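Enquirer: My structure is in coords.tsv, and what it holds is TSV, C-alpha atoms:
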chain	number	residue	atom	x	y	z
A	157	MET	CA	30.22	-44.61	-14.15
A	158	ARG	CA	27.22	-43.79	-16.35
A	159	ILE	CA	23.60	-43.00	-15.50
A	160	LEU	CA	20.40	-42.64	-17.52
A	161	VAL	CA	18.29	-39.55	-16.82
A	162	LEU	CA	14.56	-39.93	-17.45
A	163	THR	CA	12.83	-36.55	-17.80
A	164	HIS	CA	10.31	-34.55	-19.78
A	165	ALA	CA	11.89	-31.21	-18.77
A	166	PHE	CA	14.50	-31.10	-21.52
A	167	PRO	CA	15.36	-28.48	-24.15
A	168	PRO	CA	13.76	-27.14	-26.22
A	169	MET	CA	10.97	-27.56	-23.63
A	170	HIS	CA	11.52	-24.71	-21.18
A	171	VAL	CA	9.90	-25.14	-17.80
A	172	GLN	CA	11.38	-24.21	-14.44
A	173	THR	CA	12.90	-27.66	-14.01
A	174	THR	CA	14.83	-27.57	-17.31
A	175	PRO	CA	17.83	-25.55	-16.02
A	176	VAL	CA	17.36	-27.08	-12.55
A	177	LEU	CA	18.18	-30.46	-14.09
A	178	LEU	CA	20.92	-29.33	-16.45
A	179	LYS	CA	23.12	-27.44	-13.98
A	180	PRO	CA	24.03	-30.29	-11.58
A	181	MET	CA	24.22	-32.74	-14.49
A	182	ALA	CA	26.76	-30.51	-16.22
A	183	ALA	CA	28.89	-30.54	-13.09
A	184	LEU	CA	28.47	-34.32	-12.63
A	185	THR	CA	29.96	-34.97	-16.04
A	186	LYS	CA	33.07	-33.03	-14.98
A	187	ILE	CA	33.71	-35.35	-12.02
A	188	GLY	CA	33.44	-38.65	-13.81
A	189	ILE	CA	29.70	-39.41	-14.03
A	190	SER	CA	28.68	-39.74	-17.69
A	191	ALA	CA	25.02	-39.42	-18.59
A	192	ASP	CA	22.50	-40.26	-21.30
A	193	VAL	CA	18.96	-38.89	-21.34
A	194	MET	CA	15.60	-40.32	-22.39
A	195	THR	CA	13.00	-37.66	-23.12
A	196	VAL	CA	10.25	-36.52	-25.51
A	197	ARG	CA	10.88	-34.43	-28.60
A	198	ASP	CA	7.27	-33.84	-29.72
A	199	PHE	CA	5.77	-32.38	-26.54
A	200	PRO	CA	2.43	-30.52	-26.32
A	201	ARG	CA	2.29	-27.00	-27.78
A	202	GLY	CA	0.89	-25.71	-24.49
A	203	LEU	CA	4.36	-25.98	-22.92
A	204	ASN	CA	7.00	-23.31	-23.46
A	205	ARG	CA	9.53	-23.94	-26.23
A	206	ASP	CA	12.90	-22.18	-26.18
A	207	PRO	CA	16.07	-23.50	-27.85
A	208	GLU	CA	18.53	-21.34	-25.87
A	209	LEU	CA	19.64	-24.21	-23.59
A	210	CYS	CA	19.94	-26.82	-26.36
A	211	ALA	CA	23.69	-26.29	-26.82
A	212	TYR	CA	24.21	-26.48	-23.04
A	213	ALA	CA	22.29	-29.78	-22.93
A	214	ASP	CA	24.23	-31.12	-25.91
A	215	SER	CA	27.48	-30.54	-24.03
A	216	ILE	CA	26.23	-32.59	-21.07
A	217	PHE	CA	24.64	-35.76	-22.44
A	218	ASP	CA	26.51	-38.25	-24.59
A	219	ASN	CA	23.33	-39.76	-26.02
A	220	LYS	CA	19.78	-38.41	-26.25
A	221	ILE	CA	17.04	-41.01	-26.65
A	222	TYR	CA	13.78	-39.44	-27.84
A	223	VAL	CA	10.40	-41.04	-27.29
A	224	ASP	CA	7.70	-39.75	-29.61
A	225	ASP	CA	4.38	-41.37	-28.82
A	226	ALA	CA	2.32	-41.48	-32.04
A	227	ARG	CA	-0.64	-42.77	-30.02
A	228	LYS	CA	-0.87	-39.86	-27.63
A	229	GLY	CA	-3.93	-38.53	-29.46
A	230	LEU	CA	-5.88	-41.53	-28.19
A	231	PHE	CA	-5.51	-40.35	-24.63
A	232	PRO	CA	-7.75	-37.74	-22.92
A	233	VAL	CA	-6.34	-34.27	-23.50
A	234	PRO	CA	-5.51	-32.09	-20.47
A	235	SER	CA	-8.27	-29.58	-21.26
A	236	LEU	CA	-10.94	-32.15	-20.35
A	237	THR	CA	-12.58	-31.87	-16.96
A	238	GLY	CA	-13.83	-34.57	-14.65
A	239	PRO	CA	-12.29	-37.88	-13.58
A	240	LEU	CA	-10.73	-38.60	-16.99
A	241	ARG	CA	-8.48	-35.58	-16.87
A	242	LEU	CA	-4.80	-36.49	-16.96
A	243	PRO	CA	-2.71	-35.63	-13.88
A	244	ASP	CA	-0.25	-33.65	-16.01
A	245	LEU	CA	0.42	-32.75	-19.62
A	246	MET	CA	2.97	-35.51	-20.13
A	247	ALA	CA	1.08	-38.49	-18.69
A	248	GLY	CA	0.04	-39.66	-22.16
A	249	TYR	CA	3.66	-40.41	-23.08
A	250	GLY	CA	4.12	-43.00	-20.35
A	251	ARG	CA	3.33	-46.10	-22.40
A	252	ALA	CA	5.84	-45.30	-25.13
A	253	MET	CA	8.52	-44.35	-22.60
A	254	LEU	CA	8.04	-47.64	-20.74
A	255	ALA	CA	8.30	-49.60	-23.99
A	256	ALA	CA	11.50	-47.75	-24.92
A	257	LEU	CA	13.01	-48.44	-21.49
A	258	LEU	CA	12.22	-52.15	-21.69
A	259	GLU	CA	13.93	-52.38	-25.09
A	260	LEU	CA	17.05	-50.54	-23.94
A	261	ASP	CA	20.26	-52.30	-22.88
A	262	LEU	CA	20.54	-50.99	-19.34
A	263	SER	CA	23.63	-53.00	-18.37
A	264	ARG	CA	25.81	-49.98	-19.10
A	265	TYR	CA	24.00	-47.76	-16.55
A	266	ALA	CA	24.68	-47.72	-12.82
A	267	ALA	CA	21.27	-46.18	-12.14
A	268	ILE	CA	18.27	-44.38	-13.63
A	269	MET	CA	17.45	-40.92	-12.30
A	270	THR	CA	14.00	-39.34	-12.79
A	271	TRP	CA	13.29	-35.62	-12.50
A	272	SER	CA	9.95	-33.91	-11.86
A	273	PRO	CA	7.93	-31.61	-12.35
A	274	PHE	CA	5.82	-34.04	-14.38
A	275	HIS	CA	5.21	-36.64	-11.68
A	276	SER	CA	3.77	-39.09	-14.21
A	277	ILE	CA	7.41	-39.90	-15.04
A	278	ASN	CA	7.51	-41.80	-11.73
A	279	ASN	CA	4.61	-44.01	-12.82
A	280	VAL	CA	6.73	-45.12	-15.77
A	281	MET	CA	9.45	-46.24	-13.37
A	282	LEU	CA	6.93	-47.95	-11.11
A	283	GLN	CA	5.87	-50.18	-13.99
A	284	PHE	CA	9.45	-50.66	-15.08
A	285	LYS	CA	10.67	-51.64	-11.60
A	286	ALA	CA	7.89	-54.25	-11.39
A	287	ARG	CA	9.57	-55.95	-14.37
A	288	ARG	CA	13.22	-55.07	-13.63
A	289	PRO	CA	13.55	-54.68	-9.84
A	290	GLU	CA	17.34	-54.98	-9.97
A	291	VAL	CA	17.73	-51.65	-11.79
A	292	LYS	CA	18.56	-48.84	-9.35
A	293	TRP	CA	16.21	-45.83	-9.34
A	294	ILE	CA	16.89	-42.37	-7.91
A	295	ALA	CA	13.80	-40.12	-7.90
A	296	GLN	CA	14.40	-36.35	-7.68
A	297	PHE	CA	11.63	-34.03	-6.49
A	298	SER	CA	11.68	-30.27	-6.84
A	299	ASP	CA	8.08	-30.03	-5.57
A	300	PRO	CA	5.91	-32.12	-3.24
A	301	TRP	CA	3.74	-34.72	-4.92
A	302	ALA	CA	0.68	-36.09	-3.12
A	303	ASN	CA	0.45	-33.29	-0.53
A	304	ASN	CA	1.35	-30.40	-2.80
A	305	PRO	CA	-0.61	-27.48	-1.27
A	306	LEU	CA	-0.86	-25.78	-4.68
A	307	GLU	CA	-2.80	-28.69	-6.22
A	308	ARG	CA	-6.56	-28.06	-6.21
A	309	ARG	CA	-7.97	-30.85	-8.44
A	310	TRP	CA	-9.40	-33.69	-6.37
A	311	HIS	CA	-8.85	-36.36	-9.03
A	312	THR	CA	-5.19	-35.40	-9.41
A	313	LYS	CA	-4.79	-35.48	-5.62
A	314	LEU	CA	-6.31	-38.96	-5.56
A	315	TRP	CA	-4.02	-40.14	-8.38
A	316	ASN	CA	-0.97	-38.72	-6.62
A	317	TRP	CA	-1.93	-40.14	-3.24
A	318	HIS	CA	-2.29	-43.62	-4.72
A	319	PHE	CA	0.95	-43.64	-6.70
A	320	GLU	CA	3.18	-41.83	-4.21
A	321	ALA	CA	3.13	-44.64	-1.66
A	322	ARG	CA	4.04	-47.17	-4.36
A	323	MET	CA	6.84	-44.93	-5.62
A	324	ILE	CA	8.31	-44.60	-2.12
A	325	ALA	CA	8.44	-48.37	-1.80
A	326	ALA	CA	9.96	-48.92	-5.25
A	327	ALA	CA	12.62	-46.19	-5.44
A	328	ASP	CA	16.13	-46.77	-4.14
A	329	ALA	CA	16.71	-43.10	-3.23
A	330	ILE	CA	14.38	-40.10	-3.03
A	331	VAL	CA	15.92	-36.63	-3.32
A	332	HIS	CA	14.08	-33.43	-2.43
A	333	SER	CA	15.27	-29.87	-2.93
A	334	SER	CA	13.60	-28.70	0.30
A	335	LEU	CA	13.66	-30.23	3.77
A	336	TYR	CA	10.01	-29.26	4.26
A	337	SER	CA	8.96	-30.94	1.03
A	338	MET	CA	10.91	-34.05	1.99
A	339	ASN	CA	9.31	-34.25	5.43
A	340	LEU	CA	5.87	-33.89	3.85
A	341	MET	CA	6.46	-37.02	1.79
A	342	ALA	CA	8.47	-38.94	4.38
A	343	ARG	CA	5.71	-38.84	6.98
A	344	ARG	CA	3.81	-41.44	4.95
A	345	ALA	CA	6.83	-43.73	4.74
A	346	SER	CA	7.87	-46.63	6.92
A	347	ASP	CA	11.01	-46.39	9.02
A	348	ALA	CA	12.86	-48.50	6.46
A	349	ASP	CA	11.75	-46.33	3.55
A	350	ARG	CA	12.65	-43.10	5.36
A	351	SER	CA	16.29	-44.10	5.04
A	352	LYS	CA	15.94	-43.47	1.29
A	353	PHE	CA	15.12	-39.78	1.77
A	354	LEU	CA	17.60	-36.94	1.59
A	355	THR	CA	17.75	-33.27	0.65
A	356	ILE	CA	19.97	-31.78	-2.05
A	357	GLY	CA	19.23	-28.16	-2.87
A	358	HIS	CA	19.20	-26.38	-6.21
A	359	CYS	CA	22.42	-24.84	-7.50
A	360	TYR	CA	23.92	-22.24	-9.81
A	361	ASP	CA	26.42	-22.60	-12.64
A	362	SER	CA	28.85	-19.67	-12.76
A	363	ALA	CA	29.68	-20.39	-16.40
A	364	LEU	CA	26.19	-19.31	-17.51
A	365	TYR	CA	26.44	-15.66	-16.41
A	366	GLY	CA	27.62	-12.76	-18.53
A	367	ASP	CA	29.70	-9.71	-17.71
A	368	ARG	CA	28.62	-7.72	-14.65
A	369	SER	CA	29.45	-4.45	-16.41
A	370	ALA	CA	26.99	-5.13	-19.24
A	371	GLY	CA	24.00	-2.78	-19.18
A	372	ARG	CA	25.12	-0.86	-16.10
A	373	SER	CA	23.09	2.21	-15.12
A	374	ASP	CA	24.13	5.47	-13.49
A	375	LYS	CA	21.44	4.77	-10.89
A	376	ILE	CA	21.29	2.08	-8.19
A	377	VAL	CA	19.33	-0.71	-9.87
A	378	ILE	CA	17.06	-2.76	-7.62
A	379	ARG	CA	15.79	-5.64	-9.74
A	380	HIS	CA	13.18	-8.36	-9.34
A	381	VAL	CA	13.30	-11.08	-12.01
A	382	GLY	CA	10.29	-13.37	-12.34
A	383	THR	CA	6.51	-13.57	-12.32
A	384	LEU	CA	4.33	-11.67	-9.85
A	385	PHE	CA	0.72	-12.75	-9.45
A	386	GLY	CA	-1.94	-13.51	-6.86
A	387	ARG	CA	-0.49	-13.48	-3.35
A	388	ARG	CA	3.03	-13.00	-4.66
A	389	THR	CA	2.68	-9.26	-4.92
A	390	PRO	CA	5.10	-6.29	-4.86
A	391	GLU	CA	2.67	-4.25	-2.74
A	392	PRO	CA	4.53	-4.71	0.59
A	393	PHE	CA	7.78	-3.84	-1.19
A	394	PHE	CA	6.20	-0.71	-2.66
A	395	GLN	CA	4.96	0.27	0.80
A	396	ALA	CA	8.44	-0.29	2.22
A	397	ILE	CA	10.00	1.93	-0.46
A	398	ALA	CA	7.49	4.66	0.35
A	399	GLU	CA	8.33	4.45	4.07
A	400	MET	CA	12.05	4.54	3.38
A	401	LEU	CA	11.76	7.60	1.13
A	402	ILE	CA	10.04	9.48	3.95
A	403	ARG	CA	13.18	8.92	6.04
A	404	ARG	CA	15.62	9.20	3.14
A	405	PRO	CA	14.07	11.43	0.45
A	406	GLU	CA	17.48	11.96	-1.17
A	407	LEU	CA	17.38	8.34	-2.42
A	408	ALA	CA	14.44	8.99	-4.75
A	409	ASP	CA	16.61	10.45	-7.51
A	410	CYS	CA	19.27	7.74	-7.46
A	411	LEU	CA	17.13	4.58	-7.45
A	412	SER	CA	15.65	2.54	-10.27
A	413	VAL	CA	13.34	-0.34	-9.34
A	414	GLU	CA	12.95	-2.80	-12.20
A	415	LEU	CA	10.37	-5.59	-12.34
A	416	VAL	CA	11.38	-8.00	-15.09
A	417	GLY	CA	8.76	-10.55	-16.10
A	418	LYS	CA	5.02	-11.05	-16.10
A	419	ILE	CA	3.12	-8.98	-13.56
A	420	GLU	CA	-0.58	-8.44	-13.02
A	421	ALA	CA	-1.52	-4.97	-14.26
A	422	ALA	CA	-3.55	-4.20	-11.13
A	423	MET	CA	-0.40	-4.46	-9.02
A	424	LEU	CA	1.08	-1.45	-10.78
A	425	ILE	CA	-1.86	0.86	-10.20
A	426	SER	CA	-2.44	0.36	-6.49
A	427	ALA	CA	-2.71	3.44	-4.29
A	428	THR	CA	0.81	2.82	-3.00
A	429	ALA	CA	2.30	2.35	-6.47
A	430	LYS	CA	0.73	5.61	-7.63
A	431	LYS	CA	2.30	7.51	-4.73
A	432	LEU	CA	5.83	6.47	-5.58
A	433	PRO	CA	7.94	8.99	-7.51
A	434	ALA	CA	7.31	9.02	-11.24
A	435	ASN	CA	9.50	6.61	-13.22
A	436	LEU	CA	10.95	5.06	-10.07
A	437	VAL	CA	9.39	1.70	-10.94
A	438	GLN	CA	10.14	0.32	-14.41
A	439	VAL	CA	8.52	-2.79	-15.86
A	440	ALA	CA	10.26	-4.94	-18.45
A	441	PRO	CA	8.88	-7.97	-20.30
A	442	GLU	CA	9.83	-11.55	-19.55
A	443	VAL	CA	13.25	-12.58	-20.92
A	444	GLY	CA	14.92	-15.88	-21.68
A	445	TYR	CA	16.75	-17.82	-18.99
A	446	LEU	CA	20.28	-16.80	-19.95
A	447	ASP	CA	19.25	-13.16	-20.32
A	448	SER	CA	17.67	-13.32	-16.88
A	449	LEU	CA	21.00	-14.46	-15.41
A	450	ASN	CA	22.76	-11.53	-17.07
A	451	LEU	CA	20.19	-9.11	-15.64
A	452	MET	CA	20.71	-10.58	-12.18
A	453	LYS	CA	24.45	-10.09	-12.40
A	454	ALA	CA	24.17	-6.52	-13.75
A	455	ALA	CA	21.88	-5.34	-10.91
A	456	ASP	CA	23.07	-3.61	-7.74
A	457	LEU	CA	20.48	-5.30	-5.53
A	458	LEU	CA	18.14	-8.24	-6.23
A	459	VAL	CA	14.77	-8.65	-4.55
A	460	LEU	CA	13.10	-12.00	-3.91
A	461	ILE	CA	9.36	-11.60	-3.31
A	462	GLU	CA	7.24	-14.48	-2.02
A	463	ALA	CA	3.61	-14.76	-0.97
A	464	ASP	CA	2.59	-13.75	2.54
A	465	VAL	CA	1.87	-17.25	3.88
A	466	GLU	CA	2.36	-18.80	7.29
A	467	HIS	CA	5.07	-21.17	6.07
A	468	ASN	CA	6.52	-21.72	2.62
A	469	LEU	CA	7.45	-25.30	1.69
A	470	PHE	CA	9.06	-24.36	-1.59
A	471	VAL	CA	12.50	-23.04	-2.35
A	472	PRO	CA	12.55	-21.44	-5.82
A	473	SER	CA	15.43	-22.30	-8.12
A	474	LYS	CA	15.54	-18.57	-8.94
A	475	LEU	CA	16.98	-17.90	-5.50
A	476	PHE	CA	20.02	-20.01	-6.37
A	477	ASP	CA	20.41	-18.21	-9.67
A	478	TYR	CA	20.31	-14.98	-7.66
A	479	VAL	CA	23.05	-16.36	-5.39
A	480	GLY	CA	25.18	-17.36	-8.37
A	481	SER	CA	25.10	-13.82	-9.76
A	482	GLY	CA	27.07	-12.52	-6.79
A	483	THR	CA	24.66	-9.58	-6.47
A	484	PRO	CA	23.41	-8.72	-2.95
A	485	ILE	CA	19.93	-10.06	-2.18
A	486	LEU	CA	16.99	-8.62	-0.24
A	487	GLY	CA	14.44	-11.30	0.64
A	488	VAL	CA	10.78	-10.47	1.19
A	489	VAL	CA	10.02	-13.97	2.39
A	490	PRO	CA	7.90	-15.74	5.03
A	491	PRO	CA	9.27	-18.47	7.33
A	492	GLY	CA	10.24	-21.54	5.35
A	493	ALA	CA	12.70	-22.89	2.84
A	494	SER	CA	13.82	-19.64	1.21
A	495	ARG	CA	14.27	-17.88	4.55
A	496	ASP	CA	16.42	-20.77	5.76
A	497	VAL	CA	18.74	-20.37	2.76
A	498	LEU	CA	18.92	-16.59	3.13
A	499	SER	CA	19.57	-16.86	6.87
A	500	SER	CA	22.56	-19.13	6.21
A	501	LEU	CA	23.73	-16.99	3.32
A	502	GLY	CA	23.44	-13.62	5.04
A	503	GLY	CA	22.17	-10.42	3.51
A	504	TRP	CA	18.87	-8.79	4.36
A	505	GLN	CA	15.34	-10.12	4.75
A	506	ALA	CA	11.93	-9.52	6.28
A	507	ALA	CA	8.50	-11.15	6.12
A	508	PRO	CA	6.03	-9.93	3.44
A	509	GLY	CA	3.68	-8.73	6.17
A	510	ASP	CA	6.37	-6.69	7.94
A	511	VAL	CA	6.48	-3.46	5.92
A	512	GLU	CA	8.61	-1.67	8.51
A	513	GLY	CA	11.06	-4.58	8.56
A	514	ILE	CA	11.29	-4.60	4.75
A	515	SER	CA	11.86	-0.85	4.75
A	516	ARG	CA	14.71	-1.06	7.26
A	517	ALA	CA	16.28	-4.06	5.50
A	518	LEU	CA	16.11	-2.23	2.16
A	519	GLU	CA	17.76	0.84	3.66
A	520	GLN	CA	20.57	-1.27	5.11
A	521	ALA	CA	21.10	-3.04	1.78
A	522	LEU	CA	21.27	0.28	-0.07
A	523	ASP	CA	23.76	1.66	2.46
A	524	HIS	CA	25.98	-1.35	1.71
A	525	VAL	CA	25.63	-0.85	-2.05
A	526	GLN	CA	26.37	2.87	-1.82
A	527	THR	CA	29.18	2.94	0.72
A	528	THR	CA	30.90	-0.49	0.71
A	529	PRO	CA	29.99	-2.15	-2.60
A	530	ASP	CA	33.19	-4.22	-2.68
A	531	ALA	CA	32.83	-5.53	0.88
A	532	PRO	CA	31.49	-9.07	1.41
A	533	TRP	CA	27.73	-9.10	1.80
A	534	CYS	CA	27.26	-12.83	2.46
A	535	ASP	CA	28.92	-15.97	3.83
A	536	GLU	CA	31.12	-16.85	0.87
A	537	GLU	CA	31.75	-20.39	2.06
A	538	PHE	CA	28.01	-21.08	2.21
A	539	ARG	CA	27.56	-19.44	-1.18
A	540	ARG	CA	30.11	-21.81	-2.70
A	541	SER	CA	28.26	-24.76	-1.18
A	542	LEU	CA	25.33	-23.89	-3.48
A	543	SER	CA	27.42	-24.08	-6.65
A	544	ALA	CA	26.85	-26.78	-9.24
A	545	GLU	CA	30.28	-28.23	-8.44
A	546	ALA	CA	29.42	-28.67	-4.75
A	547	VAL	CA	25.93	-30.04	-5.41
A	548	ALA	CA	27.27	-32.48	-8.01
A	549	LEU	CA	29.42	-34.07	-5.30
A	550	GLU	CA	26.26	-34.64	-3.25
A	551	TYR	CA	24.54	-36.35	-6.19
A	552	LYS	CA	27.67	-38.42	-6.86
A	553	ALA	CA	27.55	-39.66	-3.26
A	554	VAL	CA	23.91	-40.70	-3.68
A	555	ILE	CA	24.66	-42.61	-6.88
A	556	GLU	CA	27.61	-44.39	-5.25
A	557	ARG	CA	25.50	-45.28	-2.21
A	558	VAL	CA	22.70	-46.70	-4.33
A	559	VAL	CA	24.93	-48.88	-6.50
A	560	ALA	CA	27.20	-50.07	-3.66
Would you mind writing the file out in structure tokens?
Expert:
Amino acid sequence: MRILVLTHAFPPMHVQTTPVLLKPMAALTKIGISADVMTVRDFPRGLNRDPELCAYADSIFDNKIYVDDARKGLFPVPSLTGPLRLPDLMAGYGRAMLAALLELDLSRYAAIMTWSPFHSINNVMLQFKARRPEVKWIAQFSDPWANNPLERRWHTKLWNWHFEARMIAAADAIVHSSLYSMNLMARRASDADRSKFLTIGHCYDSALYGDRSAGRSDKIVIRHVGTLFGRRTPEPFFQAIAEMLIRRPELADCLSVELVGKIEAAMLISATAKKLPANLVQVAPEVGYLDSLNLMKAADLLVLIEADVEHNLFVPSKLFDYVGSGTPILGVVPPGASRDVLSSLGGWQAAPGDVEGISRALEQALDHVQTTPDAPWCDEEFRRSLSAEAVALEYKAVIERVVA
């Protein structure tokens, strides 16, 4: 069986969805699902470019079909404001991608699978399905579309609202990575269309991690990997560390807290941060994806920090990379998708607004690391269910259901 993957998130473009797409696809190819990909080579300079996953992608896809739209300069550029602004950076490539699809011999493919985060890719399939309704379409969503709470632009909301309903009707299966995100979209659907919806979470690929012993420290390394900004702040974690050190002052000399990635400077000079022992908190610059996995595996404890919101719809792919590292995890997370995963996994967690709870959870995690580092810290069976191999079986079942 062979499928065609339609995506803009493909190396050397490096956005969050790039490894999210590649990991389950790599596992699919090992269980008998071959894949080709249609994508864009000449993408806008405003998007991150990193070749580190190119070899990984090459090992997955038999054929790569590149669409380079020479006419994209005729379209409004994303920096424009007002009603002409494009809904995303890749919307201008839609016409060329549609033309390439229509010229392609699709008889060899069981289905076409689209991957966000650039939701304009779904508009390409809407137009294609109007011409070729017999072709099976599986639409994968890592984020909500029309009701995405992070979207602030009214014209983009209007665009999304209009096209989402049409996409729901046209797609043969709609896959979300979060139950909450799925329910947000499904509430607009008819009873018949709701049968298309299902949830398949993100995953990790064990083959991408390095040696746990690499870069080991003589201190207990507590590491956060990723961006901190706005309401996603380390301040509650800093406060929790301060509280814990009042109870356990002997820990001050044996801990190293590392924040790897972009972080707002003001977060490091808060009153709480200044009160922490000198050199306890270390800041390191952003690293490439594969290096980030190595840093996760080499840590003694990983910290997931989310914004202090009432309910979080999103489940970050980083959490699954954390899980794949095998390193114990402390979650500073509100109710929602990430907390659900961590509750099933095990480990330690508390809400961002619960400083005392974070402090106690941190102390318990450190006691485990210090006294029983080789003892199980999580539900290993659930952890394995988040592997690329396990998730690939779920995608294989969807493909088989759609083409049956």
Enquirer: If we count all atoms listed in the file and set the cut-off at 9 Å, which residues sit around Val558 (chain A), ignoring sequence neighbours fewer than 2 positions away in its own chain? Please answer as a ChimeraX atom specification.
Expert: /A:266-267,292-294,328-329,553-556,560
Enquirer: Give me the residues near Ala213 (chain A) as a VMD selection string, where near means some atom within 12 Å (using all atoms listed in the file) and where sequence neighbours in that chain fewer than 4 positions away do not count.
Expert: chain A and resid 165 to 169 174 to 183 185 191 to 193 207 to 209 217 to 220
Enquirer: Using only C-alpha atoms, can you tell me which of A:Gly188, A:Gly503, A:Pro484, A:Pro243 comes closest to Ala302 (chain A)?
Expert: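 Among A:Gly188, A:Gly503, A:Pro484, A:Pro243, it is A:Pro243 that comes nearest to Ala302 (chain A).
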Enquirer: Applying 12 Å and all atoms listed in the file, which residues near His318 (chain A) remain after dropping the ones on its own chain fewer than 3 positions away? List them as a ChimeraX atom specification.
Expert: /A:279,301-303,311-315,321-324,344
Enquirer: Go through region 459-527 of chain A residue by residue and, counting only C-alpha atoms, keep those with an atom at most 8 Å from region 346-364 of chain A; for each kept residue give the shortest atom pair and its distance in Å to one decimal, ordered by chain and increasing number, as JSON lines.
Expert:
{"residue": "A:Ser473", "atom": "CA", "partner": "A:His358", "partner_atom": "CA", "distance": 5.9}
{"residue": "A:Phe476", "atom": "CA", "partner": "A:Cys359", "partner_atom": "CA", "distance": 5.5}
{"residue": "A:Asp477", "atom": "CA", "partner": "A:Tyr360", "partner_atom": "CA", "distance": 5.3}
{"residue": "A:Val479", "atom": "CA", "partner": "A:Tyr360", "partner_atom": "CA", "distance": 7.4}
{"residue": "A:Gly480", "atom": "CA", "partner": "A:Tyr360", "partner_atom": "CA", "distance": 5.2}
{"residue": "A:Ser481", "atom": "CA", "partner": "A:Ser362", "partner_atom": "CA", "distance": 7.6}
Enquirer: For a cut-off of 7 Å around (13.3, -28.5, 0.4), file coordinates, pick out all residues using only C-alpha atoms and list them as an mmCIF file with C-alpha atoms, keeping the file's coordinate frame.
Expert:
data_model
loop_
_atom_site.group_PDB
_atom_site.id
_atom_site.type_symbol
_atom_site.label_atom_id
_atom_site.label_comp_id
_atom_site.auth_asym_id
_atom_site.auth_seq_id
_atom_site.Cartn_x
_atom_site.Cartn_y
_atom_site.Cartn_z
ATOM 1 C CA HIS A 332 14.080 -33.430 -2.430
ATOM 2 C CA SER A 333 15.270 -29.870 -2.930
ATOM 3 C CA SER A 334 13.600 -28.700 0.300
ATOM 4 C CA LEU A 335 13.660 -30.230 3.770
ATOM 5 C CA TYR A 336 10.010 -29.260 4.260
ATOM 6 C CA SER A 337 8.960 -30.940 1.030
ATOM 7 C CA MET A 338 10.910 -34.050 1.990
ATOM 8 C CA THR A 355 17.750 -33.270 0.650
ATOM 9 C CA GLY A 357 19.230 -28.160 -2.870
ATOM 10 C CA LEU A 469 7.450 -25.300 1.690
ATOM 11 C CA PHE A 470 9.060 -24.360 -1.590
ATOM 12 C CA VAL A 471 12.500 -23.040 -2.350
ATOM 13 C CA ALA A 493 12.700 -22.890 2.840
#
Enquirer: Taking into account only C-alpha atoms, which residue in the set A:Ala531, A:Val223, A:Val331, A:Leu460 is nearest to Arg197 (chain A)?
Expert: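 Looking at the shortest contact to Arg197 (chain A), the residue is A:Val223.
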Enquirer: Provide the CA of Val280 (chain A) to CA of Leu254 (chain A) distance in Å, to one decimal place.
Expert: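 Straight-line distance from CA of Val280 (chain A) to CA of Leu254 (chain A) works out to 5.7 Å.
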Enquirer: Taking into account all atoms listed in the file, which residue in the set A:Gly202, A:Pro392, A:Pro289, A:Gly444 is nearest to Gly513 (chain A)?
Expert: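 Smallest distance to Gly513 (chain A) is found for A:Pro392.
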Enquirer: What is the CA of His467 (chain A)-CA of Ala517 (chain A) distance in Å, reported with one decimal?
Expert: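 One can read the CA of His467 (chain A) to CA of Ala517 (chain A) distance as 20.5 Å.
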Enquirer: Name the closest residue to Gln296 (chain A) among the candidates A:Cys210, A:Leu245, A:Val161, A:Val439; distances are taken between atoms, counting all atoms listed in the file.
Expert: A:Val161
Enquirer: For CA of Tyr365 (chain A) and CA of Cys534 (chain A), determine how far apart the two atoms are, in Å to one decimal place.
Expert: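 Straight-line distance from CA of Tyr365 (chain A) to CA of Cys534 (chain A) works out to 19.1 Å.
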Enquirer: Counting all atoms listed in the file, what is within 9 Å of Ile378 (chain A), bar same-chain residues fewer than 3 positions away, as a JSON list (two decimals) with C-alpha atoms, in the frame of the given file?
Expert:
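Dumped to selection_5.json:
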[["chain", "number", "residue", "atom", "x", "y", "z"],
["A", 411, "LEU", "CA", 17.13, 4.58, -7.45],
["A", 412, "SER", "CA", 15.65, 2.54, -10.27],
["A", 413, "VAL", "CA", 13.34, -0.34, -9.34],
["A", 414, "GLU", "CA", 12.95, -2.80, -12.20],
["A", 415, "LEU", "CA", 10.37, -5.59, -12.34],
["A", 455, "ALA", "CA", 21.88, -5.34, -10.91],
["A", 456, "ASP", "CA", 23.07, -3.61, -7.74],
["A", 457, "LEU", "CA", 20.48, -5.30, -5.53],
["A", 458, "LEU", "CA", 18.14, -8.24, -6.23],
["A", 459, "VAL", "CA", 14.77, -8.65, -4.55]]
